[in-house]
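Enquirer: I'd like to ask some things about the structure below.
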Amino acid sequence: MASAYNETQARNFIEHYPNIAKELALRTYTSRLIGADPNLVLHGGGNTSVKLNHKNILGEDQAILFVKGSGVNLAAIEPEGFVALNLAFLKKFRRLDKLDEAEMENQLQICKLQPSALSPSVESFLHAFLPHRYVDHCHADSILILTGQPKGLDMVRDALGPRAAVLPYCMSGLPLAKKVAAEYDRNPDLEAIVIGNHGIFTFGEDAATSYNRMIDCVNRAAAFIKSKIKGKALVTLPDDLTPFQADKSLAAVFAQSIRGASAHPDPDGRLCRFRVEFRSTPDLVEASFAKEAPTLCDSGVLTPDHVTHTKNHYVYIRWLPDPVDDLGLTLRREIDQFAAQYHRYFKEQAGLDGRRRQESDPFPRVFLVQGLGLFALGLSHREAKATADIAEHTIRAKLQAGAIGTYVPMAASHIFEMEYWRLQQKKATPGPRLLLQGQIALVTGGGGAIGYGIADRLLAAGAAVVLSDIDESRLQKVCAVLKDRYPAGEMESIPFDVTDFRSVTSAYEEISRRLGGIDLVVPNAGIAHVARIEDLEPQQLDRVIDVNFKGTFNTIKAAIPVFKRQGTGGNVVVISSKNVFDPGAAFGAYSAAKAGAHQISKIAALELAPLGVRVNMINPDAVFGDENISSQLWDLIGPDRMKSRGLDEKGLQEYYRNRNLLKAQVLAEHVGNAVVFFASNQTPTTGASLPVDGGIPAAFPR
Ligand SMILES: [Zn+2]
């Protein structure tokens, strides 16, 4: 890889941040260069720093270390992502022989110049002890490939030459910082220090020098690996097996089954469901057939920093003769075995120092499936993606490591030390759990006001939402509004036609491949046609029945195999209508089709209860959109209704508000709140109808 440092870009960074020191602007620039290259760091890994002098409030000179905040992603770091620490005080810690984790955490907080700043990197001492203005650190694949070899440290020495020192693995924090500083003291000509099974530190007096030294070392290591591999095949394929890419719909079945088998109650008893990220690049599929595949999964992380994302081992699933039939059982058996192994590891390692610790969940995060590729799990899209990225890099790195020699797994004690290090656990701890966290919802009719209102409330309650509509431009408009408001990856859109069963099932497969499965289905797509029976053309009636009735039927029917494979229950919340109970003249097609949908939903409630799937209906009335997202229904029937009542748009809304008991204007978000209520399983309710209409006596459910 070539150095990406560019003088013009560097100047742009200085100009872009006129109120901060130019050294910090340049620190931000080269940190992003490192973060942008996945061969150097992945997802919050790596850290960088710069040392500056400034005057404190008393006018005294003070030396400051600006070091990356813990868990901050280097690729998108801003100057605020660096924490200012009292450098003179930090340096004094070199005198200490040891520092326990709680005290280290405490002391790092004391060193902060601003109490509200982020927690500083766990490597802050190391950055402080080296005298250079700039220090860069990453977990480059090429360095990890070499240090994972039996004689890996010698290989790194050969590859990098005398300007780099190589130290065996040592736990991060004060012990590592002291060893690195001592090594530098012995040889002040050093430009880089490599730590086995961890990564590389480079340093220099200016941002470009430190960064370029990093790129140079990583390139030398990569060239060394290339020369050793010299055209050797990375994988050995069994003689009797020709790799093939399995049918894509099977990937959806696996994603649903893996997701279901991995769901488990969290400590407060709520079901914890994962997002699944599926990867199927040709090299991953080939690796899944390789003789090396089981070892790839069993030989542990490349560096302990990855363990909180991927756990130390992956699950390998061999091709099953008829995978669909006994897949759930096979997966459960594999997960049970994994969990038993994890319990053993925890018991053995935790017993060594006698300290009390809370065992983490014992569930695997990565599955390599023959013929399909890799399935990675996380509690959010962000986490599942990070797990998948790290697992992909790990598999590729281990294949190269195998081609140049042997990959040696790290000692369990090192893995445990990092996995249960308080500072590392803090980084991995998710925030407060929202009501629908972990659930994946599908909302049809997503291009209109009600679909938007439902999606908005579901996202706010923590669910991931897939919006669908047949009208792509309306759908994109709604998605653009929501994407601005919620985290990337928590909201997806898939246009499909609810009247075509095959279109619905292939959309469900697509959702499962992208997100993992479905827990909540909200059939909301609907159309209307205003005509009295004597004027209602049969083909118009067919059209309305196709969308409102058959569309609801298709959407529910296609979800059943998904619910079955997941085995974790679920919810169907059908957006019915006030008209089901209290129809209006000239609105027969709509009302009759909605009544059919309502009735089939009740049947679904009867049939799906044994699966733990609840089916409930919401009966809204007169939900108008706003100037941004209009109601498709009212776009269609509004002008006619206004004309027949001699009202303008505002007047019509007032008319509907005044006709209900509570004199309430019914909003799309009210419908969304009702969906959230049913999806949250707070009451044991199925087959129920909930009016969201301000109170219309003629439409009271009975
Ligand atoms: Zn590191």
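We name chains A, B, ... following the order of the structure tokens; residues begin at 1 in each chain, and ligands are numbered from 1 as shown.
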Show me which residues sit within 10 Å of ligand 1 when counting only C-alpha atoms and all ligand atoms, and put them as a list in words.
Expert: Val41, Gly44, Gly45, Gly46, Asn47, Ser121, Val122, Glu123, His137, Cys138, His139, Ala140, Met171, Ser172, Ile195, Asn197, His198, Gly199, Ile200, Phe201, Thr303, Pro304, Asp305 and His306 of chain A
Enquirer: At a cut-off of 10 Å, using only C-alpha atoms, what residues contact A:Asp621? Leave out same-chain residues fewer than 6 positions from it and give the result as a compact mmCIF listing (two decimals) with C-alpha atoms, in the first residue's frame.
Expert:
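Listing of around24.txt after writing:
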```
# COMPACT_ATOMS: atom_id res chain seq x y z
CA SER A 576 -57.09 -2.67 9.72
CA SER A 577 -59.66 0.17 9.58
CA LYS A 578 -62.45 1.80 11.51
CA ASN A 579 -64.55 0.93 8.44
CA TYR A 656 -63.08 14.23 11.31
CA ARG A 657 -61.60 15.55 14.55
CA ASN A 660 -64.88 11.48 17.55
CA GLN A 665 -56.78 14.57 15.62
CA VAL A 666 -55.54 11.06 14.88
CA LEU A 667 -51.88 11.06 13.83
CA VAL A 671 -50.86 4.22 15.05
CA PRO A 691 -59.17 1.37 17.76
CA VAL A 692 -56.98 4.42 17.21
CA ASP A 693 -59.76 6.77 16.18
CA GLY A 694 -60.45 9.20 19.03
CA GLY A 695 -63.51 7.13 19.99
CA ILE A 696 -66.23 6.36 17.49
CA ALA A 699 -66.88 1.42 15.50
```
Enquirer: If you run DSSP over the backbone, which residues in stretch 434-504 of chain A end up alpha helix (DSSP H)? Put them as a PDB file with N, CA, C and O atoms, in the first residue's frame.
Expert:
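The resulting out34.pdb:
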```pdb
ATOM      1  N   ALA A 449     -48.156   8.019   4.875  1.00  0.00           N
ATOM      2  CA  ALA A 449     -48.072   8.641   6.200  1.00  0.00           C
ATOM      3  C   ALA A 449     -48.084   7.613   7.326  1.00  0.00           C
ATOM      4  O   ALA A 449     -47.283   7.705   8.263  1.00  0.00           O
ATOM      5  N   ILE A 450     -48.998   6.639   7.260  1.00  0.00           N
ATOM      6  CA  ILE A 450     -49.079   5.675   8.377  1.00  0.00           C
ATOM      7  C   ILE A 450     -47.822   4.806   8.432  1.00  0.00           C
ATOM      8  O   ILE A 450     -47.256   4.583   9.501  1.00  0.00           O
ATOM      9  N   GLY A 451     -47.361   4.355   7.258  1.00  0.00           N
ATOM     10  CA  GLY A 451     -46.139   3.543   7.217  1.00  0.00           C
ATOM     11  C   GLY A 451     -44.967   4.303   7.822  1.00  0.00           C
ATOM     12  O   GLY A 451     -44.182   3.752   8.602  1.00  0.00           O
ATOM     13  N   TYR A 452     -44.890   5.574   7.478  1.00  0.00           N
ATOM     14  CA  TYR A 452     -43.824   6.422   8.017  1.00  0.00           C
ATOM     15  C   TYR A 452     -43.949   6.546   9.539  1.00  0.00           C
ATOM     16  O   TYR A 452     -42.967   6.386  10.281  1.00  0.00           O
ATOM     17  N   GLY A 453     -45.187   6.804  10.000  1.00  0.00           N
ATOM     18  CA  GLY A 453     -45.416   6.968  11.450  1.00  0.00           C
ATOM     19  C   GLY A 453     -45.069   5.701  12.214  1.00  0.00           C
ATOM     20  O   GLY A 453     -44.462   5.757  13.288  1.00  0.00           O
ATOM     21  N   ILE A 454     -45.417   4.551  11.645  1.00  0.00           N
ATOM     22  CA  ILE A 454     -45.115   3.273  12.319  1.00  0.00           C
ATOM     23  C   ILE A 454     -43.599   3.060  12.366  1.00  0.00           C
ATOM     24  O   ILE A 454     -43.031   2.745  13.412  1.00  0.00           O
ATOM     25  N   ALA A 455     -42.943   3.258  11.208  1.00  0.00           N
ATOM     26  CA  ALA A 455     -41.493   3.040  11.150  1.00  0.00           C
ATOM     27  C   ALA A 455     -40.772   3.950  12.138  1.00  0.00           C
ATOM     28  O   ALA A 455     -39.865   3.526  12.855  1.00  0.00           O
ATOM     29  N   ASP A 456     -41.214   5.203  12.198  1.00  0.00           N
ATOM     30  CA  ASP A 456     -40.569   6.169  13.086  1.00  0.00           C
ATOM     31  C   ASP A 456     -40.653   5.721  14.545  1.00  0.00           C
ATOM     32  O   ASP A 456     -39.669   5.754  15.279  1.00  0.00           O
ATOM     33  N   ARG A 457     -41.845   5.293  14.957  1.00  0.00           N
ATOM     34  CA  ARG A 457     -42.019   4.882  16.361  1.00  0.00           C
ATOM     35  C   ARG A 457     -41.255   3.587  16.661  1.00  0.00           C
ATOM     36  O   ARG A 457     -40.710   3.405  17.743  1.00  0.00           O
ATOM     37  N   LEU A 458     -41.247   2.660  15.686  1.00  0.00           N
ATOM     38  CA  LEU A 458     -40.524   1.399  15.893  1.00  0.00           C
ATOM     39  C   LEU A 458     -39.020   1.656  16.029  1.00  0.00           C
ATOM     40  O   LEU A 458     -38.357   1.099  16.899  1.00  0.00           O
ATOM     41  N   LEU A 459     -38.496   2.520  15.160  1.00  0.00           N
ATOM     42  CA  LEU A 459     -37.060   2.844  15.227  1.00  0.00           C
ATOM     43  C   LEU A 459     -36.727   3.514  16.550  1.00  0.00           C
ATOM     44  O   LEU A 459     -35.718   3.204  17.181  1.00  0.00           O
ATOM     45  N   ALA A 460     -37.618   4.422  16.989  1.00  0.00           N
ATOM     46  CA  ALA A 460     -37.373   5.113  18.265  1.00  0.00           C
ATOM     47  C   ALA A 460     -37.397   4.120  19.420  1.00  0.00           C
ATOM     48  O   ALA A 460     -36.728   4.323  20.435  1.00  0.00           O
ATOM     49  N   GLU A 472     -41.576   3.101  -5.555  1.00  0.00           N
ATOM     50  CA  GLU A 472     -40.207   3.314  -5.085  1.00  0.00           C
ATOM     51  C   GLU A 472     -39.895   4.760  -4.748  1.00  0.00           C
ATOM     52  O   GLU A 472     -39.139   5.040  -3.821  1.00  0.00           O
ATOM     53  N   SER A 473     -40.488   5.711  -5.509  1.00  0.00           N
ATOM     54  CA  SER A 473     -40.103   7.104  -5.252  1.00  0.00           C
ATOM     55  C   SER A 473     -40.693   7.571  -3.915  1.00  0.00           C
ATOM     56  O   SER A 473     -40.030   8.271  -3.147  1.00  0.00           O
ATOM     57  N   ARG A 474     -41.925   7.158  -3.608  1.00  0.00           N
ATOM     58  CA  ARG A 474     -42.502   7.509  -2.301  1.00  0.00           C
ATOM     59  C   ARG A 474     -41.689   6.861  -1.183  1.00  0.00           C
ATOM     60  O   ARG A 474     -41.407   7.469  -0.146  1.00  0.00           O
ATOM     61  N   LEU A 475     -41.308   5.610  -1.410  1.00  0.00           N
ATOM     62  CA  LEU A 475     -40.541   4.866  -0.409  1.00  0.00           C
ATOM     63  C   LEU A 475     -39.213   5.572  -0.119  1.00  0.00           C
ATOM     64  O   LEU A 475     -38.820   5.743   1.040  1.00  0.00           O
ATOM     65  N   GLN A 476     -38.537   5.984  -1.171  1.00  0.00           N
ATOM     66  CA  GLN A 476     -37.234   6.645  -0.986  1.00  0.00           C
ATOM     67  C   GLN A 476     -37.376   7.952  -0.212  1.00  0.00           C
ATOM     68  O   GLN A 476     -36.517   8.315   0.585  1.00  0.00           O
ATOM     69  N   LYS A 477     -38.484   8.649  -0.438  1.00  0.00           N
ATOM     70  CA  LYS A 477     -38.708   9.920   0.250  1.00  0.00           C
ATOM     71  C   LYS A 477     -38.833   9.690   1.767  1.00  0.00           C
ATOM     72  O   LYS A 477     -38.201  10.384   2.574  1.00  0.00           O
ATOM     73  N   VAL A 478     -39.633   8.682   2.134  1.00  0.00           N
ATOM     74  CA  VAL A 478     -39.807   8.365   3.558  1.00  0.00           C
ATOM     75  C   VAL A 478     -38.473   7.924   4.160  1.00  0.00           C
ATOM     76  O   VAL A 478     -38.077   8.365   5.245  1.00  0.00           O
ATOM     77  N   CYS A 479     -37.761   7.058   3.424  1.00  0.00           N
ATOM     78  CA  CYS A 479     -36.490   6.548   3.947  1.00  0.00           C
ATOM     79  C   CYS A 479     -35.488   7.673   4.165  1.00  0.00           C
ATOM     80  O   CYS A 479     -34.747   7.671   5.149  1.00  0.00           O
ATOM     81  N   ALA A 480     -35.477   8.640   3.249  1.00  0.00           N
ATOM     82  CA  ALA A 480     -34.515   9.743   3.378  1.00  0.00           C
ATOM     83  C   ALA A 480     -34.779  10.508   4.675  1.00  0.00           C
ATOM     84  O   ALA A 480     -33.840  10.891   5.388  1.00  0.00           O
ATOM     85  N   VAL A 481     -36.058  10.724   5.008  1.00  0.00           N
ATOM     86  CA  VAL A 481     -36.392  11.445   6.254  1.00  0.00           C
ATOM     87  C   VAL A 481     -35.929  10.629   7.467  1.00  0.00           C
ATOM     88  O   VAL A 481     -35.311  11.154   8.394  1.00  0.00           O
ATOM     89  N   LEU A 482     -36.199   9.316   7.459  1.00  0.00           N
ATOM     90  CA  LEU A 482     -35.878   8.479   8.622  1.00  0.00           C
ATOM     91  C   LEU A 482     -34.371   8.260   8.771  1.00  0.00           C
ATOM     92  O   LEU A 482     -33.848   8.200   9.885  1.00  0.00           O
ATOM     93  N   LYS A 483     -33.678   8.143   7.632  1.00  0.00           N
ATOM     94  CA  LYS A 483     -32.238   7.860   7.696  1.00  0.00           C
ATOM     95  C   LYS A 483     -31.472   8.999   8.348  1.00  0.00           C
ATOM     96  O   LYS A 483     -30.401   8.793   8.920  1.00  0.00           O
ATOM     97  N   PHE A 501     -47.310 -13.279  -4.406  1.00  0.00           N
ATOM     98  CA  PHE A 501     -46.754 -14.060  -3.296  1.00  0.00           C
ATOM     99  C   PHE A 501     -45.262 -14.318  -3.474  1.00  0.00           C
ATOM    100  O   PHE A 501     -44.495 -14.259  -2.511  1.00  0.00           O
ATOM    101  N   ARG A 502     -44.844 -14.576  -4.734  1.00  0.00           N
ATOM    102  CA  ARG A 502     -43.412 -14.848  -4.944  1.00  0.00           C
ATOM    103  C   ARG A 502     -42.565 -13.610  -4.673  1.00  0.00           C
ATOM    104  O   ARG A 502     -41.440 -13.704  -4.183  1.00  0.00           O
ATOM    105  N   SER A 503     -43.129 -12.455  -5.001  1.00  0.00           N
ATOM    106  CA  SER A 503     -42.411 -11.209  -4.725  1.00  0.00           C
ATOM    107  C   SER A 503     -42.264 -11.030  -3.205  1.00  0.00           C
ATOM    108  O   SER A 503     -41.220 -10.587  -2.709  1.00  0.00           O
ATOM    109  N   VAL A 504     -43.300 -11.421  -2.458  1.00  0.00           N
ATOM    110  CA  VAL A 504     -43.238 -11.302  -0.993  1.00  0.00           C
ATOM    111  C   VAL A 504     -42.201 -12.265  -0.425  1.00  0.00           C
ATOM    112  O   VAL A 504     -41.339 -11.867   0.374  1.00  0.00           O
TER     113      VAL A 504
END
```
Enquirer: So which one's closest to A:Leu26, A:Ala208, A:Ile395, A:Ala4, A:Ile533? Using only C-alpha atoms, please.
Expert: A:Ala208
Enquirer: Please extract the residues of stretch 254-381 of chain A with a backbone DSSP assignment of strand (DSSP E or B) and present them as an mmCIF file with all heavy atoms, in the first residue's frame.
Expert:
```
data_model
loop_
_atom_site.group_PDB
_atom_site.id
_atom_site.type_symbol
_atom_site.label_atom_id
_atom_site.label_comp_id
_atom_site.auth_asym_id
_atom_site.auth_seq_id
_atom_site.Cartn_x
_atom_site.Cartn_y
_atom_site.Cartn_z
ATOM 1 N N HIS A 264 -31.440 -15.742 23.152
ATOM 2 C CA HIS A 264 -31.370 -16.238 24.536
ATOM 3 C C HIS A 264 -31.869 -15.157 25.486
ATOM 4 O O HIS A 264 -31.795 -13.972 25.139
ATOM 5 C CB HIS A 264 -29.936 -16.618 24.871
ATOM 6 C CG HIS A 264 -28.981 -15.464 24.730
ATOM 7 N ND1 HIS A 264 -28.415 -15.133 23.507
ATOM 8 C CD2 HIS A 264 -28.532 -14.551 25.616
ATOM 9 C CE1 HIS A 264 -27.654 -14.064 23.676
ATOM 10 N NE2 HIS A 264 -27.707 -13.678 24.935
ATOM 11 N N PRO A 265 -32.347 -15.538 26.667
ATOM 12 C CA PRO A 265 -32.782 -14.503 27.614
ATOM 13 C C PRO A 265 -31.580 -13.758 28.182
ATOM 14 O O PRO A 265 -30.560 -14.377 28.482
ATOM 15 C CB PRO A 265 -33.512 -15.287 28.712
ATOM 16 C CG PRO A 265 -33.246 -16.717 28.466
ATOM 17 C CD PRO A 265 -32.517 -16.893 27.174
ATOM 18 N N LEU A 271 -35.816 -11.494 25.955
ATOM 19 C CA LEU A 271 -35.177 -12.244 24.876
ATOM 20 C C LEU A 271 -34.187 -11.346 24.133
ATOM 21 O O LEU A 271 -34.518 -10.237 23.724
ATOM 22 C CB LEU A 271 -36.246 -12.769 23.910
ATOM 23 C CG LEU A 271 -35.740 -13.818 22.926
ATOM 24 C CD1 LEU A 271 -35.291 -15.087 23.648
ATOM 25 C CD2 LEU A 271 -36.827 -14.163 21.920
ATOM 26 N N CYS A 272 -32.985 -11.861 24.014
ATOM 27 C CA CYS A 272 -31.930 -11.101 23.341
ATOM 28 C C CYS A 272 -31.762 -11.693 21.942
ATOM 29 O O CYS A 272 -31.452 -12.865 21.796
ATOM 30 C CB CYS A 272 -30.674 -11.278 24.179
ATOM 31 S SG CYS A 272 -29.316 -10.336 23.612
ATOM 32 N N ARG A 275 -28.627 -9.318 15.351
ATOM 33 C CA ARG A 275 -28.630 -9.012 13.928
ATOM 34 C C ARG A 275 -27.600 -9.943 13.290
ATOM 35 O O ARG A 275 -26.607 -10.300 13.917
ATOM 36 C CB ARG A 275 -28.195 -7.560 13.690
ATOM 37 C CG ARG A 275 -29.268 -6.551 13.937
ATOM 38 C CD ARG A 275 -30.293 -6.520 12.808
ATOM 39 N NE ARG A 275 -29.740 -6.022 11.555
ATOM 40 C CZ ARG A 275 -29.733 -4.742 11.198
ATOM 41 N NH1 ARG A 275 -30.245 -3.832 11.989
ATOM 42 N NH2 ARG A 275 -29.227 -4.378 10.041
ATOM 43 N N VAL A 276 -27.835 -10.323 12.044
ATOM 44 C CA VAL A 276 -26.896 -11.219 11.367
ATOM 45 C C VAL A 276 -26.351 -10.520 10.127
ATOM 46 O O VAL A 276 -27.100 -9.914 9.369
ATOM 47 C CB VAL A 276 -27.597 -12.533 10.945
ATOM 48 C CG1 VAL A 276 -26.610 -13.471 10.264
ATOM 49 C CG2 VAL A 276 -28.222 -13.218 12.153
ATOM 50 N N GLU A 277 -25.055 -10.583 9.957
ATOM 51 C CA GLU A 277 -24.410 -10.024 8.767
ATOM 52 C C GLU A 277 -23.844 -11.208 7.974
ATOM 53 O O GLU A 277 -23.049 -11.984 8.487
ATOM 54 C CB GLU A 277 -23.300 -9.057 9.216
ATOM 55 C CG GLU A 277 -22.498 -8.451 8.114
ATOM 56 C CD GLU A 277 -23.095 -7.152 7.551
ATOM 57 O OE1 GLU A 277 -24.110 -6.660 8.079
ATOM 58 O OE2 GLU A 277 -22.514 -6.655 6.580
ATOM 59 N N PHE A 278 -24.289 -11.339 6.728
ATOM 60 C CA PHE A 278 -23.896 -12.479 5.891
ATOM 61 C C PHE A 278 -22.856 -12.036 4.864
ATOM 62 O O PHE A 278 -23.039 -11.013 4.209
ATOM 63 C CB PHE A 278 -25.149 -13.033 5.203
ATOM 64 C CG PHE A 278 -24.879 -14.047 4.132
ATOM 65 C CD1 PHE A 278 -24.140 -15.192 4.408
ATOM 66 C CD2 PHE A 278 -25.367 -13.872 2.840
ATOM 67 C CE1 PHE A 278 -23.888 -16.134 3.416
ATOM 68 C CE2 PHE A 278 -25.118 -14.813 1.846
ATOM 69 C CZ PHE A 278 -24.378 -15.939 2.133
ATOM 70 N N ARG A 279 -21.772 -12.790 4.739
ATOM 71 C CA ARG A 279 -20.719 -12.473 3.757
ATOM 72 C C ARG A 279 -20.446 -13.706 2.900
ATOM 73 O O ARG A 279 -20.270 -14.802 3.451
ATOM 74 C CB ARG A 279 -19.421 -12.070 4.472
ATOM 75 C CG ARG A 279 -19.553 -10.873 5.399
ATOM 76 C CD ARG A 279 -19.502 -9.571 4.613
ATOM 77 N NE ARG A 279 -19.892 -8.430 5.419
ATOM 78 C CZ ARG A 279 -19.057 -7.680 6.128
ATOM 79 N NH1 ARG A 279 -17.780 -7.994 6.177
ATOM 80 N NH2 ARG A 279 -19.497 -6.633 6.795
ATOM 81 N N VAL A 315 -17.894 -21.047 14.918
ATOM 82 C CA VAL A 315 -18.549 -22.347 14.716
ATOM 83 C C VAL A 315 -18.430 -22.716 13.230
ATOM 84 O O VAL A 315 -18.711 -21.893 12.368
ATOM 85 C CB VAL A 315 -20.035 -22.282 15.122
ATOM 86 C CG1 VAL A 315 -20.753 -23.584 14.770
ATOM 87 C CG2 VAL A 315 -20.162 -21.996 16.616
ATOM 88 N N TYR A 316 -18.004 -23.952 12.985
ATOM 89 C CA TYR A 316 -17.909 -24.420 11.596
ATOM 90 C C TYR A 316 -19.052 -25.393 11.323
ATOM 91 O O TYR A 316 -19.258 -26.339 12.075
ATOM 92 C CB TYR A 316 -16.560 -25.118 11.372
ATOM 93 C CG TYR A 316 -16.401 -25.648 9.975
ATOM 94 C CD1 TYR A 316 -16.560 -24.807 8.877
ATOM 95 C CD2 TYR A 316 -16.081 -26.989 9.745
ATOM 96 C CE1 TYR A 316 -16.421 -25.286 7.584
ATOM 97 C CE2 TYR A 316 -15.929 -27.470 8.455
ATOM 98 C CZ TYR A 316 -16.111 -26.610 7.380
ATOM 99 O OH TYR A 316 -15.975 -27.086 6.097
ATOM 100 N N ILE A 317 -19.823 -25.138 10.261
ATOM 101 C CA ILE A 317 -20.943 -26.014 9.909
ATOM 102 C C ILE A 317 -20.652 -26.665 8.568
ATOM 103 O O ILE A 317 -20.533 -25.982 7.554
ATOM 104 C CB ILE A 317 -22.277 -25.222 9.808
ATOM 105 C CG1 ILE A 317 -22.546 -24.415 11.082
ATOM 106 C CG2 ILE A 317 -23.441 -26.146 9.457
ATOM 107 C CD1 ILE A 317 -23.089 -25.191 12.235
ATOM 108 N N VAL A 366 -19.649 -15.952 15.370
ATOM 109 C CA VAL A 366 -19.288 -16.164 13.962
ATOM 110 C C VAL A 366 -19.516 -17.627 13.570
ATOM 111 O O VAL A 366 -19.118 -18.534 14.300
ATOM 112 C CB VAL A 366 -17.802 -15.791 13.707
ATOM 113 C CG1 VAL A 366 -17.471 -15.939 12.218
ATOM 114 C CG2 VAL A 366 -17.499 -14.381 14.179
ATOM 115 N N PHE A 367 -20.170 -17.821 12.429
ATOM 116 C CA PHE A 367 -20.395 -19.159 11.875
ATOM 117 C C PHE A 367 -19.818 -19.182 10.463
ATOM 118 O O PHE A 367 -20.119 -18.301 9.665
ATOM 119 C CB PHE A 367 -21.899 -19.465 11.770
ATOM 120 C CG PHE A 367 -22.603 -19.559 13.104
ATOM 121 C CD1 PHE A 367 -22.929 -18.406 13.820
ATOM 122 C CD2 PHE A 367 -22.958 -20.784 13.634
ATOM 123 C CE1 PHE A 367 -23.577 -18.482 15.042
ATOM 124 C CE2 PHE A 367 -23.609 -20.867 14.855
ATOM 125 C CZ PHE A 367 -23.921 -19.720 15.564
ATOM 126 N N LEU A 368 -19.002 -20.196 10.177
ATOM 127 C CA LEU A 368 -18.538 -20.405 8.801
ATOM 128 C C LEU A 368 -19.293 -21.622 8.278
ATOM 129 O O LEU A 368 -19.207 -22.707 8.859
ATOM 130 C CB LEU A 368 -17.024 -20.652 8.783
ATOM 131 C CG LEU A 368 -16.392 -20.849 7.402
ATOM 132 C CD1 LEU A 368 -16.517 -19.600 6.540
ATOM 133 C CD2 LEU A 368 -14.911 -21.233 7.536
ATOM 134 N N VAL A 369 -20.069 -21.433 7.203
ATOM 135 C CA VAL A 369 -20.930 -22.510 6.703
ATOM 136 C C VAL A 369 -20.464 -22.942 5.325
ATOM 137 O O VAL A 369 -20.346 -22.111 4.410
ATOM 138 C CB VAL A 369 -22.412 -22.047 6.643
ATOM 139 C CG1 VAL A 369 -23.300 -23.187 6.150
ATOM 140 C CG2 VAL A 369 -22.876 -21.570 8.014
ATOM 141 N N GLY A 373 -20.660 -19.363 3.236
ATOM 142 C CA GLY A 373 -19.783 -18.265 3.662
ATOM 143 C C GLY A 373 -19.922 -18.012 5.143
ATOM 144 O O GLY A 373 -20.107 -18.946 5.930
ATOM 145 N N LEU A 374 -19.901 -16.736 5.491
ATOM 146 C CA LEU A 374 -19.761 -16.368 6.888
ATOM 147 C C LEU A 374 -21.001 -15.642 7.414
ATOM 148 O O LEU A 374 -21.549 -14.775 6.735
ATOM 149 C CB LEU A 374 -18.542 -15.441 6.919
ATOM 150 C CG LEU A 374 -17.952 -15.057 8.226
ATOM 151 C CD1 LEU A 374 -16.451 -15.266 8.126
ATOM 152 C CD2 LEU A 374 -18.220 -13.614 8.524
ATOM 153 N N PHE A 375 -21.457 -16.018 8.599
ATOM 154 C CA PHE A 375 -22.576 -15.344 9.264
ATOM 155 C C PHE A 375 -22.040 -14.770 10.572
ATOM 156 O O PHE A 375 -21.531 -15.517 11.407
ATOM 157 C CB PHE A 375 -23.712 -16.331 9.557
ATOM 158 C CG PHE A 375 -24.352 -16.899 8.322
ATOM 159 C CD1 PHE A 375 -23.787 -17.985 7.655
ATOM 160 C CD2 PHE A 375 -25.519 -16.349 7.808
ATOM 161 C CE1 PHE A 375 -24.368 -18.510 6.513
ATOM 162 C CE2 PHE A 375 -26.116 -16.867 6.662
ATOM 163 C CZ PHE A 375 -25.537 -17.948 6.016
ATOM 164 N N ALA A 376 -22.160 -13.447 10.722
ATOM 165 C CA ALA A 376 -21.627 -12.806 11.929
ATOM 166 C C ALA A 376 -22.768 -12.168 12.706
ATOM 167 O O ALA A 376 -23.693 -11.607 12.116
ATOM 168 C CB ALA A 376 -20.595 -11.755 11.545
ATOM 169 N N LEU A 377 -22.700 -12.256 14.034
ATOM 170 C CA LEU A 377 -23.798 -11.782 14.879
ATOM 171 C C LEU A 377 -23.374 -10.584 15.723
ATOM 172 O O LEU A 377 -22.232 -10.497 16.164
ATOM 173 C CB LEU A 377 -24.237 -12.907 15.826
ATOM 174 C CG LEU A 377 -25.222 -13.950 15.306
ATOM 175 C CD1 LEU A 377 -24.727 -14.612 14.044
ATOM 176 C CD2 LEU A 377 -25.503 -15.000 16.365
ATOM 177 N N GLY A 378 -24.332 -9.690 15.953
ATOM 178 C CA GLY A 378 -24.085 -8.551 16.845
ATOM 179 C C GLY A 378 -25.417 -8.015 17.321
ATOM 180 O O GLY A 378 -26.452 -8.269 16.703
#
```
